[in-house]
Amino acid sequence: MTTRAVVTGVGHHLPERVVANAEFEAMLDTSDAWIRSRSGIERRHFAAEGETSSILGTKAAEAALADAGRSADDIDAILVATSTPDLTFPSTATMIQAELGMTGGYAFDIQAVCTGFVYALANANALILAGQARRILVIGTETFSRIMDWKDRSTCVLFGDGAGAVVLEAQEGTGTTADRGILATDLHSDGRFRELLYVDGGVSTTGRSGHLRMQGREVFRHAVEKLAETAETTLAELGLSSGDIDRIVPHQANLRIIRATAQKMGIPLERVILTVQDHGNTSAASIPLALSIGKARGQIRRGNLLLLEAIGGGLTWGSVVLRW
């Protein structure tokens with residue numbers, strides 16, 4: 001028998017405030033048509049004052065626990081993917097741990113920007129396979145509205161806030177690709193490309209949080225190439241092809257990137273879970289948000305073979321193949 005890390009629950013939470021593209025027209029030289037044509041984004045959610053990443057993440061975690069039929073006492077560890085923590089320290093994960101009333105186990109953050117949830121899933125999978133935990137909450141939560149330059153129309157219209165979470169549990173499988181759970185992971189980074197997507201502030205440099213900066217055209221070029229490559233790597237490891245995938249659940253950064261990557265892999269857009277139009281780019285929260293909404297829509301069903309893929313600042317990129 002083979003131990004597998006199986007998703008047994010999923011949930012998400014979005015701030016109440018919805019910001020349509022038209023709201024930016026009063027403050028920027030932009031329009032709804034311009035934003036849609038370049039990103040596919042129609043609206044996004046912004047956190048209210050005092051509504052932090054830990055608050056959003058806690059609510060997503062509670063939804064995932066309810067979906068799994070579990071309580072916080074059943075959880076051994078919490079892994080939180082975020083680039084917008086509440087504080088420099090302690091970790092957002094420990095704050096969520098406290099809010100959930102979980103006094104045992106351990107909790108820590110993972111910072112890989114938009115690839116954060118993929119990195120967190122891979123690490124949670126490794127912890128379960130190593131016997132370090134049997135049940136893990138994996139959360140992606142972001143408040144990117146806090147690091148936007150509201151004068152930069154090329155970036156501030158693209159991002160939103162939100163959180164998503166999954167419960168991973170150790171279960172026994174047969175060791176074949178028919179098993180439920182995480183089947184393969186693939187992680188990469190290359191720090192030479194850090195200036196393509198970064199924040200111009202930090203504790204040991206400027207002493208302030210800073211603003212997001214991005215070279216969009218270059219990020220697009222790297223994204224399509226690297227996302228297709230990492231997907232092919234995980235599938236090849238399993239002896240599968242893109243035709244075996246029931247659904248792709250990509251990082252929801254830009255509809256043009258998603259379309260181009262799917263086309264490069266020969267996968268029709270109908271098999272791709274899309275939420276970017278409603279949420280914008282929520283960084284590490286985008287994949288778990290899409291998983292939760294995809295399940296609620298009936299697009300993701302038990303037994304489906306899913307490909308999760310993401311690329312983010314660093315550059316970081318990676319993928320996970322799992323059976324739901």
# chains A, B, ... in the order shown; residues from 1 in each chain; ligands from 1
call {"tool": "closest_atom_pairs", "arguments": {"of": "segment 64-164 of chain A", "to": "segment 12-28 of chain A", "cutoff": "9 Å", "atoms": "only C-alpha atoms", "output": "JSON lines"}}
result
{"residue": "A:Ala64", "atom": "CA", "partner": "A:His12", "partner_atom": "CA", "distance": 7.3}
{"residue": "A:Trp150", "atom": "CA", "partner": "A:Leu28", "partner_atom": "CA", "distance": 8.2}
{"residue": "A:Lys151", "atom": "CA", "partner": "A:Leu28", "partner_atom": "CA", "distance": 6.9}
{"residue": "A:Asp152", "atom": "CA", "partner": "A:Leu28", "partner_atom": "CA", "distance": 8.2}
{"residue": "A:Arg153", "atom": "CA", "partner": "A:Leu28", "partner_atom": "CA", "distance": 6.4}
{"residue": "A:Val157", "atom": "CA", "partner": "A:Phe24", "partner_atom": "CA", "distance": 7.4}
{"residue": "A:Gly160", "atom": "CA", "partner": "A:Val19", "partner_atom": "CA", "distance": 8.9}
{"residue": "A:Asp161", "atom": "CA", "partner": "A:Leu14", "partner_atom": "CA", "distance": 7.0}
{"residue": "A:Gly162", "atom": "CA", "partner": "A:Leu14", "partner_atom": "CA", "distance": 4.7}
{"residue": "A:Ala163", "atom": "CA", "partner": "A:His13", "partner_atom": "CA", "distance": 5.4}
{"residue": "A:Gly164", "atom": "CA", "partner": "A:His12", "partner_atom": "CA", "distance": 4.0}
call {"tool": "write_last_selection", "arguments": {"atoms": "N, CA and C atoms", "output": "compact mmCIF listing (two decimals), in the first residue's frame"}}
result
# COMPACT_ATOMS: atom_id res chain seq x y z
N ALA A 64 -13.21 25.08 4.75
CA ALA A 64 -12.60 23.82 4.33
C ALA A 64 -12.80 22.74 5.39
N TRP A 150 -1.38 52.92 -6.86
CA TRP A 150 -2.64 53.27 -7.50
C TRP A 150 -2.48 54.25 -8.66
N LYS A 151 -1.25 54.63 -8.95
CA LYS A 151 -0.98 55.45 -10.13
C LYS A 151 -0.46 54.63 -11.31
N ASP A 152 -0.20 53.35 -11.07
CA ASP A 152 0.35 52.47 -12.10
C ASP A 152 -0.77 51.63 -12.69
N ARG A 153 -1.31 52.07 -13.81
CA ARG A 153 -2.46 51.39 -14.39
C ARG A 153 -2.12 50.00 -14.91
N VAL A 157 -4.80 47.41 -11.58
CA VAL A 157 -6.10 46.89 -12.02
C VAL A 157 -6.14 45.37 -12.08
N GLY A 160 -6.37 41.34 -6.74
CA GLY A 160 -7.47 41.36 -5.80
C GLY A 160 -7.10 40.61 -4.54
N ASP A 161 -8.03 40.58 -3.60
CA ASP A 161 -7.82 39.96 -2.29
C ASP A 161 -8.74 38.75 -2.14
N GLY A 162 -8.29 37.79 -1.34
CA GLY A 162 -9.12 36.62 -1.06
C GLY A 162 -8.32 35.51 -0.44
N ALA A 163 -8.99 34.40 -0.15
CA ALA A 163 -8.33 33.25 0.47
C ALA A 163 -9.03 31.96 0.07
N GLY A 164 -8.25 30.90 0.01
CA GLY A 164 -8.78 29.56 -0.23
C GLY A 164 -8.01 28.57 0.60
call {"tool": "residues_around", "arguments": {"residues": "Met148 of chain A", "least_positions_apart": "3", "cutoff": "8 Å", "atoms": "only C-alpha atoms", "output": "MDAnalysis selection string"}}
result
chainID A and resid 144:145 155:156 211:212
call {"tool": "select_by_dssp", "arguments": {"residues": "segment 52-252 of chain A", "states": "strand (DSSP E or B)", "output": "PyMOL selection string"}}
result
chain A and resi 77-81+106-110+135-143+159+161-173+181-189+197-199+202+208+212-214+247-250
call {"tool": "write_last_selection", "arguments": {"atoms": "C-alpha atoms", "output": "compact mmCIF listing (two decimals), in the first residue's frame"}}
result
# COMPACT_ATOMS: atom_id res chain seq x y z
CA ALA A 77 -0.27 21.30 10.90
CA ILE A 78 -1.15 24.50 9.05
CA LEU A 79 0.81 25.72 6.03
CA VAL A 80 -0.05 29.21 4.80
CA ALA A 81 1.08 30.56 1.43
CA TYR A 106 2.60 23.37 14.25
CA ALA A 107 2.10 26.17 11.73
CA PHE A 108 4.31 28.11 9.34
CA ASP A 109 4.24 30.35 6.26
CA ILE A 110 5.60 29.69 2.78
CA ARG A 135 -4.00 15.99 8.48
CA ILE A 136 -2.83 19.39 7.22
CA LEU A 137 -4.65 22.63 6.44
CA VAL A 138 -3.08 24.25 3.37
CA ILE A 139 -4.16 27.86 2.92
CA GLY A 140 -3.50 30.56 0.34
CA THR A 141 -4.45 34.06 1.53
CA GLU A 142 -3.59 37.50 0.18
CA THR A 143 -4.40 41.19 0.54
CA PHE A 159 -4.90 42.20 -8.46
CA ASP A 161 -7.82 39.96 -2.29
CA GLY A 162 -9.12 36.62 -1.06
CA ALA A 163 -8.33 33.25 0.47
CA GLY A 164 -8.78 29.56 -0.23
CA ALA A 165 -7.95 26.44 1.73
CA VAL A 166 -7.88 22.66 1.51
CA VAL A 167 -7.70 19.88 4.09
CA LEU A 168 -5.16 17.20 3.17
CA GLU A 169 -5.43 13.82 4.86
CA ALA A 170 -3.22 10.72 4.76
CA GLN A 171 -5.03 7.80 3.13
CA GLU A 172 -3.87 4.49 1.76
CA GLY A 173 -3.68 3.99 -1.99
CA GLY A 181 -4.63 12.37 -3.72
CA ILE A 182 -1.42 14.07 -4.81
CA LEU A 183 0.33 11.96 -7.44
CA ALA A 184 3.24 14.17 -8.52
CA THR A 185 4.77 17.59 -7.85
CA ASP A 186 7.34 19.73 -9.64
CA LEU A 187 8.92 22.91 -8.23
CA HIS A 188 11.34 25.45 -9.75
CA SER A 189 12.81 28.90 -9.18
CA LEU A 197 8.05 40.87 -10.74
CA TYR A 198 8.87 42.20 -7.30
CA VAL A 199 7.93 44.62 -4.51
CA GLY A 202 11.21 45.34 2.62
CA ARG A 208 8.46 49.88 4.39
CA LEU A 212 4.41 45.83 -6.63
CA ARG A 213 6.41 46.30 -9.84
CA MET A 214 6.08 44.14 -12.94
CA ARG A 247 -9.39 19.82 -15.43
CA ILE A 248 -6.55 22.32 -15.34
CA VAL A 249 -6.71 24.62 -12.33
CA PRO A 250 -4.15 27.33 -13.15
call {"tool": "residues_around", "arguments": {"residues": "Arg192 of chain A", "least_positions_apart": "5", "cutoff": "12 Å", "atoms": "only C-alpha atoms", "output": "list in words"}}
result
Leu197, Gly313, Gly314, Leu315 and Thr316 of chain A
call {"tool": "residues_around", "arguments": {"residues": "Ile245 of chain A", "least_positions_apart": "6", "cutoff": "8 Å", "atoms": "only C-alpha atoms", "output": "NGL selection string"}}
result
:A and (304-307)
call {"tool": "select_by_dssp", "arguments": {"residues": "segment 133-285 of chain A", "states": "helix (DSSP H, G or I)", "output": "ChimeraX atom specification"}}
result
/A:144-147,191-196,216-237,242-244,255-265,269-271,276-279,283-285
call {"tool": "closest_residue", "arguments": {"among": "A:Glu51, A:Asp244, A:Glu309, A:Glu237", "to": "Cys114 of chain A", "atoms": "only C-alpha atoms"}}
result
A:Glu309
call {"tool": "closest_residue", "arguments": {"among": "A:Arg221, A:Arg70, A:Arg180, A:His45", "to": "Leu322 of chain A", "atoms": "only C-alpha atoms"}}
result
A:Arg180
call {"tool": "closest_residue", "arguments": {"among": "A:Ala68, A:Ala60, A:Ile75, A:Ile287", "to": "Val118 of chain A", "atoms": "only C-alpha atoms"}}
result
A:Ile287
call {"tool": "decode", "arguments": {"residues": "segment 209-298 of chain A", "atoms": "C-alpha atoms", "output": "PDB file, in the first residue's frame"}}
result
ATOM      1  CA  SER A 209       6.212  47.435   2.579  1.00  0.00           C
ATOM      2  CA  GLY A 210       6.681  48.999  -0.877  1.00  0.00           C
ATOM      3  CA  HIS A 211       4.687  48.594  -4.080  1.00  0.00           C
ATOM      4  CA  LEU A 212       4.407  45.834  -6.634  1.00  0.00           C
ATOM      5  CA  ARG A 213       6.410  46.304  -9.842  1.00  0.00           C
ATOM      6  CA  MET A 214       6.085  44.140 -12.941  1.00  0.00           C
ATOM      7  CA  GLN A 215       7.430  43.850 -16.474  1.00  0.00           C
ATOM      8  CA  GLY A 216       4.243  42.380 -17.871  1.00  0.00           C
ATOM      9  CA  ARG A 217       5.422  41.457 -21.341  1.00  0.00           C
ATOM     10  CA  GLU A 218       8.439  39.529 -20.054  1.00  0.00           C
ATOM     11  CA  VAL A 219       6.395  37.796 -17.359  1.00  0.00           C
ATOM     12  CA  PHE A 220       3.908  36.685 -20.024  1.00  0.00           C
ATOM     13  CA  ARG A 221       6.683  35.170 -22.146  1.00  0.00           C
ATOM     14  CA  HIS A 222       8.188  33.230 -19.254  1.00  0.00           C
ATOM     15  CA  ALA A 223       4.787  32.170 -17.939  1.00  0.00           C
ATOM     16  CA  VAL A 224       3.549  30.343 -21.033  1.00  0.00           C
ATOM     17  CA  GLU A 225       6.845  28.550 -21.597  1.00  0.00           C
ATOM     18  CA  LYS A 226       7.493  27.550 -17.988  1.00  0.00           C
ATOM     19  CA  LEU A 227       3.926  26.554 -17.136  1.00  0.00           C
ATOM     20  CA  ALA A 228       3.742  24.209 -20.110  1.00  0.00           C
ATOM     21  CA  GLU A 229       7.137  22.703 -19.241  1.00  0.00           C
ATOM     22  CA  THR A 230       6.338  22.025 -15.585  1.00  0.00           C
ATOM     23  CA  ALA A 231       3.000  20.480 -16.543  1.00  0.00           C
ATOM     24  CA  GLU A 232       4.699  18.169 -19.026  1.00  0.00           C
ATOM     25  CA  THR A 233       7.243  17.162 -16.364  1.00  0.00           C
ATOM     26  CA  THR A 234       4.659  16.080 -13.786  1.00  0.00           C
ATOM     27  CA  LEU A 235       2.565  14.261 -16.364  1.00  0.00           C
ATOM     28  CA  ALA A 236       5.601  12.454 -17.819  1.00  0.00           C
ATOM     29  CA  GLU A 237       6.612  11.322 -14.329  1.00  0.00           C
ATOM     30  CA  LEU A 238       3.256   9.556 -14.098  1.00  0.00           C
ATOM     31  CA  GLY A 239       3.267   8.210 -17.643  1.00  0.00           C
ATOM     32  CA  LEU A 240       0.320  10.437 -18.522  1.00  0.00           C
ATOM     33  CA  SER A 241      -0.390  13.023 -21.198  1.00  0.00           C
ATOM     34  CA  SER A 242      -2.445  16.201 -21.326  1.00  0.00           C
ATOM     35  CA  GLY A 243      -5.325  14.177 -22.745  1.00  0.00           C
ATOM     36  CA  ASP A 244      -5.647  12.352 -19.420  1.00  0.00           C
ATOM     37  CA  ILE A 245      -6.329  15.560 -17.481  1.00  0.00           C
ATOM     38  CA  ASP A 246      -9.964  16.236 -16.612  1.00  0.00           C
ATOM     39  CA  ARG A 247      -9.385  19.825 -15.433  1.00  0.00           C
ATOM     40  CA  ILE A 248      -6.554  22.319 -15.343  1.00  0.00           C
ATOM     41  CA  VAL A 249      -6.711  24.623 -12.328  1.00  0.00           C
ATOM     42  CA  PRO A 250      -4.152  27.325 -13.150  1.00  0.00           C
ATOM     43  CA  HIS A 251      -2.984  30.342 -11.230  1.00  0.00           C
ATOM     44  CA  GLN A 252      -5.545  32.986 -12.200  1.00  0.00           C
ATOM     45  CA  ALA A 253      -3.252  35.806 -13.302  1.00  0.00           C
ATOM     46  CA  ASN A 254      -4.331  36.692 -16.800  1.00  0.00           C
ATOM     47  CA  LEU A 255      -6.792  35.093 -19.220  1.00  0.00           C
ATOM     48  CA  ARG A 256      -4.350  35.503 -22.095  1.00  0.00           C
ATOM     49  CA  ILE A 257      -1.671  33.512 -20.233  1.00  0.00           C
ATOM     50  CA  ILE A 258      -4.191  30.809 -19.321  1.00  0.00           C
ATOM     51  CA  ARG A 259      -5.413  30.515 -22.921  1.00  0.00           C
ATOM     52  CA  ALA A 260      -1.916  30.467 -24.398  1.00  0.00           C
ATOM     53  CA  THR A 261      -0.717  27.807 -21.955  1.00  0.00           C
ATOM     54  CA  ALA A 262      -3.749  25.591 -22.582  1.00  0.00           C
ATOM     55  CA  GLN A 263      -3.261  25.966 -26.331  1.00  0.00           C
ATOM     56  CA  LYS A 264       0.438  25.072 -26.047  1.00  0.00           C
ATOM     57  CA  MET A 265      -0.548  21.919 -24.155  1.00  0.00           C
ATOM     58  CA  GLY A 266      -3.327  21.061 -26.601  1.00  0.00           C
ATOM     59  CA  ILE A 267      -6.051  21.303 -23.949  1.00  0.00           C
ATOM     60  CA  PRO A 268      -9.381  22.986 -24.819  1.00  0.00           C
ATOM     61  CA  LEU A 269     -10.349  25.973 -22.681  1.00  0.00           C
ATOM     62  CA  GLU A 270     -13.542  24.138 -21.668  1.00  0.00           C
ATOM     63  CA  ARG A 271     -11.403  21.912 -19.436  1.00  0.00           C
ATOM     64  CA  VAL A 272      -9.839  24.882 -17.614  1.00  0.00           C
ATOM     65  CA  ILE A 273     -11.307  26.276 -14.380  1.00  0.00           C
ATOM     66  CA  LEU A 274     -11.585  30.058 -14.839  1.00  0.00           C
ATOM     67  CA  THR A 275     -12.216  32.554 -12.030  1.00  0.00           C
ATOM     68  CA  VAL A 276      -9.858  35.374 -13.059  1.00  0.00           C
ATOM     69  CA  GLN A 277     -12.760  37.389 -14.482  1.00  0.00           C
ATOM     70  CA  ASP A 278     -14.366  37.648 -11.036  1.00  0.00           C
ATOM     71  CA  HIS A 279     -11.345  37.838  -8.698  1.00  0.00           C
ATOM     72  CA  GLY A 280      -8.394  39.211 -10.629  1.00  0.00           C
ATOM     73  CA  ASN A 281      -4.974  37.932  -9.611  1.00  0.00           C
ATOM     74  CA  THR A 282      -5.142  36.864  -5.955  1.00  0.00           C
ATOM     75  CA  SER A 283      -1.595  35.451  -5.981  1.00  0.00           C
ATOM     76  CA  ALA A 284      -1.229  32.423  -3.664  1.00  0.00           C
ATOM     77  CA  ALA A 285      -4.991  32.402  -3.037  1.00  0.00           C
ATOM     78  CA  SER A 286      -5.994  31.980  -6.673  1.00  0.00           C
ATOM     79  CA  ILE A 287      -5.647  28.195  -7.047  1.00  0.00           C
ATOM     80  CA  PRO A 288      -7.462  27.214  -3.831  1.00  0.00           C
ATOM     81  CA  LEU A 289     -10.144  29.804  -4.653  1.00  0.00           C
ATOM     82  CA  ALA A 290     -10.562  28.208  -8.084  1.00  0.00           C
ATOM     83  CA  LEU A 291     -10.668  24.713  -6.558  1.00  0.00           C
ATOM     84  CA  SER A 292     -13.415  25.715  -4.138  1.00  0.00           C
ATOM     85  CA  ILE A 293     -15.480  27.507  -6.743  1.00  0.00           C
ATOM     86  CA  GLY A 294     -14.892  24.782  -9.325  1.00  0.00           C
ATOM     87  CA  LYS A 295     -16.255  22.210  -6.877  1.00  0.00           C
ATOM     88  CA  ALA A 296     -19.253  24.418  -6.031  1.00  0.00           C
ATOM     89  CA  ARG A 297     -20.028  24.806  -9.745  1.00  0.00           C
ATOM     90  CA  GLY A 298     -19.900  21.044 -10.275  1.00  0.00           C
TER      91      GLY A 298
END
